[in-house]
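Visitor: Supplied in structure tokens, the structure appears directly below.
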Amino acid sequence: MVTATRPSVKEIWHWLAEVPDPEIPVVSVTDLGIVRDVAWDGDTLVVTVTPTYSGCPATTVINIDIEQALSDKGIESVRLERRLSPAWTTDWISTEARRKLNDYGIAPPIDGTAADGRLLKRIERLSGGSDLTIACPRCGSTRTEKISQFGSTPCKANYRCRDCLEPFDYFKCI
Amino acid sequence: MATAIIVEAAVDRAALFEFLLRMGDNALILGHRLSEWCGHAPALEEDIALANTALDLIGQTQLWLGLAGEVEGRGRSADDLAYLRDAREFRNLLLTERPNGDYGKTMMRQFLFDAWHYVVLKALRASSDARIAEIAEKASKEVSYHLERSRDLVIRLGDGTAESQARMQEALDDLWPYTGEMFVSETSDEPLGAAGMAPEPQSLKAEWDALVAEALSEATLKKPADGHMHKGGKRGIHTEHLGYILAELQFLQRAYPGATW
């Protein structure tokens, strides 16, 4: 029986955890919370993915990378399904991925699951009314300022550290 | 009896198709206008920001027109609808096809549109049609960033130098007659409003007015009087500018039908 030898969903999640994001290769597609579900439908593996931003060009590349990775593992039939709701949020980025982003030079998004990271606080921060800070990924200083709301990709903003004077990307929270 | 039910469903489907075209076409045409700035904006950061805003809008276009094609049920994809319709079949607001002008004018157009976009998407998040609600939820996250940015720039340029203030006032006076169309109801809006699928356009005006008035006041700009308002875009009657936009946007698919890469 073919079905008897098909890999477990758990094993597939491990494989997907090795598929890097095409724009920020230090984090994987599962780190970012883009993969929402993995399930077998008969002999077809159904992987449910959600886009980060509607127009993110990486979305297509991510789909191809996922199909390729699964094909390399010997899975013959894969169906990718898009799920829009609930809409992707940076709160789904894992703690480990936040550390990896920081090490890579990208300040991670404010963690909305933390006590001080609730939506209201983040909105206040955007209007300068909250003391939530974005720390420089290089020197750790919290004396930072926004240069531009959009950086090298839609998901990032441009910041500058006022202590070490280095510019850096901040992964915006949405 | 069965025939009556089918006819009624067909009427609603046509109304829904119209509405989805409007949402998609607004995003597509404005996204295209913004993409014209790519490589020409006054500063690198502005160039990148506009390109990213355009990218968000074109991404949203794919979602709206994708659903429009599905609702229409004639097998047309988002690409078919974007690339193979003529000007009379486009349903975007005339505001979105206004030429870019200088950078200040582009930002003023963006702000007036973003404020409306933000308000309409907020209402659509509560749509009785789950497919509409989920696109609105996704898009409104992006649009709240667009609005924050365009509002900020309108204030900085309005409350800026004498030169920038004069240019922003001129931009506002030029674009204002194109804002009334946002709140005009078409016959296709009624069944959608009644079914809780989409808000009646008029119902969005108070919130838009408040958002705009507050920013203009901070920008030290004078809100023009509501005089004659241009309209027609939602019914496919466009200004001469749309044809030029489509000539560029659709060239590849017109010249090389079915081309892929």
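Residues in the structure tokens are numbered from 1 in each chain, the chains being A, B, ... in the order shown, and ligands are numbered from 1 in the order shown.
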Counting only C-alpha atoms, collect the residues of chain B whose closest atom lies at most 6 Å from chain A, and write them out as a list in words.
Guide: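 Going by the stated atoms only, the list reads Ala49, Asn52, Leu55, Asp56, Gly59, Gln60, Glu134 and Lys138 of chain B.
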Visitor: Using only C-alpha atoms, which protein or nucleic acid residues come within 6 Å of Leu80 of chain A? Drop anything in the same chain fewer than 5 positions from it, and give the result as a PDB file with N, CA and C atoms, in the first residue's frame.
Guide:
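The resulting result34.pdb:
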```pdb
ATOM      1  N   VAL A  46      -1.548  18.272   1.013  1.00  0.00           N
ATOM      2  CA  VAL A  46      -2.083  19.629   0.894  1.00  0.00           C
ATOM      3  C   VAL A  46      -1.347  20.532   1.879  1.00  0.00           C
ATOM      4  N   VAL A  47      -0.672  21.541   1.340  1.00  0.00           N
ATOM      5  CA  VAL A  47       0.035  22.500   2.185  1.00  0.00           C
ATOM      6  C   VAL A  47      -0.688  23.835   2.061  1.00  0.00           C
ATOM      7  N   THR A  48      -1.133  24.355   3.198  1.00  0.00           N
ATOM      8  CA  THR A  48      -1.869  25.630   3.185  1.00  0.00           C
ATOM      9  C   THR A  48      -0.916  26.755   3.567  1.00  0.00           C
TER      10      THR A  48
END
```
Visitor: Point out the residue among B:Thr179, B:Ser35, B:Thr106, B:Thr53 with the least atom-to-atom distance to Val212 of chain B, counting only C-alpha atoms.
Guide: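 Nearest candidate to Val212 of chain B out of B:Thr179, B:Ser35, B:Thr106, B:Thr53: B:Thr179.
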Visitor: Identify, on the basis of only C-alpha atoms, every residue whose closest approach to Glu67 of chain A does not exceed 10 Å; exclude the query and any residue fewer than 3 positions from it along the same chain; express the result as an NGL selection string.
Guide: :A and (16 or 47 or 61-64 or 70-73 or 75-80)
Visitor: If you keep C-alpha atoms, can you produce a file of those selected residues as a PDB file, in the first residue's frame?
Guide:
```
ATOM      1  CA  LEU A  16       9.373  22.623   5.624  1.00  0.00           C
ATOM      2  CA  VAL A  47       0.035  22.500   2.185  1.00  0.00           C
ATOM      3  CA  VAL A  61       8.934  31.904  -5.091  1.00  0.00           C
ATOM      4  CA  ILE A  62       7.961  30.482  -1.697  1.00  0.00           C
ATOM      5  CA  ASN A  63       5.324  28.262  -3.339  1.00  0.00           C
ATOM      6  CA  ILE A  64       7.859  26.986  -5.877  1.00  0.00           C
ATOM      7  CA  LEU A  70       8.724  18.242  -1.076  1.00  0.00           C
ATOM      8  CA  SER A  71       9.442  16.838  -4.509  1.00  0.00           C
ATOM      9  CA  ASP A  72      13.104  16.363  -3.490  1.00  0.00           C
ATOM     10  CA  LYS A  73      11.856  14.316  -0.529  1.00  0.00           C
ATOM     11  CA  ILE A  75       6.451  13.391  -2.530  1.00  0.00           C
ATOM     12  CA  GLU A  76       4.827  13.080  -5.928  1.00  0.00           C
ATOM     13  CA  SER A  77       1.546  14.896  -5.497  1.00  0.00           C
ATOM     14  CA  VAL A  78       1.416  18.262  -3.735  1.00  0.00           C
ATOM     15  CA  ARG A  79      -1.400  20.781  -3.749  1.00  0.00           C
ATOM     16  CA  LEU A  80      -0.792  24.283  -2.397  1.00  0.00           C
TER      17      LEU A  80
END
```
Visitor: If we count only C-alpha atoms, what is near Leu67 of chain B at a cut-off of 8 Å, once residues fewer than 3 positions away on the same chain are taken out, given as a PyMOL selection string?
Guide: chain B and resi 20+63-64+70-71+78+131
Visitor: So that I have them on file, write out the residues from the current selection with N, CA and C atoms, as a compact mmCIF listing (two decimals), in the first residue's frame.
Guide:
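The new file selection.txt reads:
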```
# COMPACT_ATOMS: atom_id res chain seq x y z
N LEU B 20 -16.83 44.29 -7.19
CA LEU B 20 -15.48 43.74 -7.10
C LEU B 20 -14.56 44.35 -8.16
N LEU B 63 -6.30 39.93 -5.71
CA LEU B 63 -7.32 39.31 -4.86
C LEU B 63 -8.72 39.73 -5.29
N TRP B 64 -8.93 41.03 -5.51
CA TRP B 64 -10.27 41.51 -5.89
C TRP B 64 -10.68 41.01 -7.27
N GLU B 70 -14.18 34.83 -10.43
CA GLU B 70 -14.84 33.66 -9.85
C GLU B 70 -16.36 33.89 -9.78
N VAL B 71 -16.74 35.08 -9.33
CA VAL B 71 -18.16 35.42 -9.19
C VAL B 71 -18.83 35.48 -10.56
N ALA B 78 -7.88 36.93 -12.97
CA ALA B 78 -7.52 38.32 -12.62
C ALA B 78 -6.72 38.94 -13.76
N ARG B 131 -15.71 35.93 1.70
CA ARG B 131 -14.60 36.11 0.76
C ARG B 131 -14.20 37.58 0.70
```
Visitor: What lies within 7 Å of segment 94-100 of chain A using only C-alpha atoms, ignoring chain neighbours under 3 positions off, as a PyMOL selection string?
Guide: chain A and resi 26-27+31-32+103-104+108
Visitor: Keeping C-alpha atoms, export the residues of the selection given above as an mmCIF file, in the first residue's frame.
Guide:
```cif
data_model
loop_
_atom_site.group_PDB
_atom_site.id
_atom_site.type_symbol
_atom_site.label_atom_id
_atom_site.label_comp_id
_atom_site.auth_asym_id
_atom_site.auth_seq_id
_atom_site.Cartn_x
_atom_site.Cartn_y
_atom_site.Cartn_z
ATOM 1 C CA VAL A 26 18.236 33.059 7.736
ATOM 2 C CA VAL A 27 14.618 32.304 8.590
ATOM 3 C CA ASP A 31 9.637 30.368 11.266
ATOM 4 C CA LEU A 32 7.657 33.159 9.632
ATOM 5 C CA ASP A 103 21.592 38.503 14.303
ATOM 6 C CA TYR A 104 21.154 39.013 10.570
ATOM 7 C CA PRO A 108 12.481 42.073 14.631
#
```
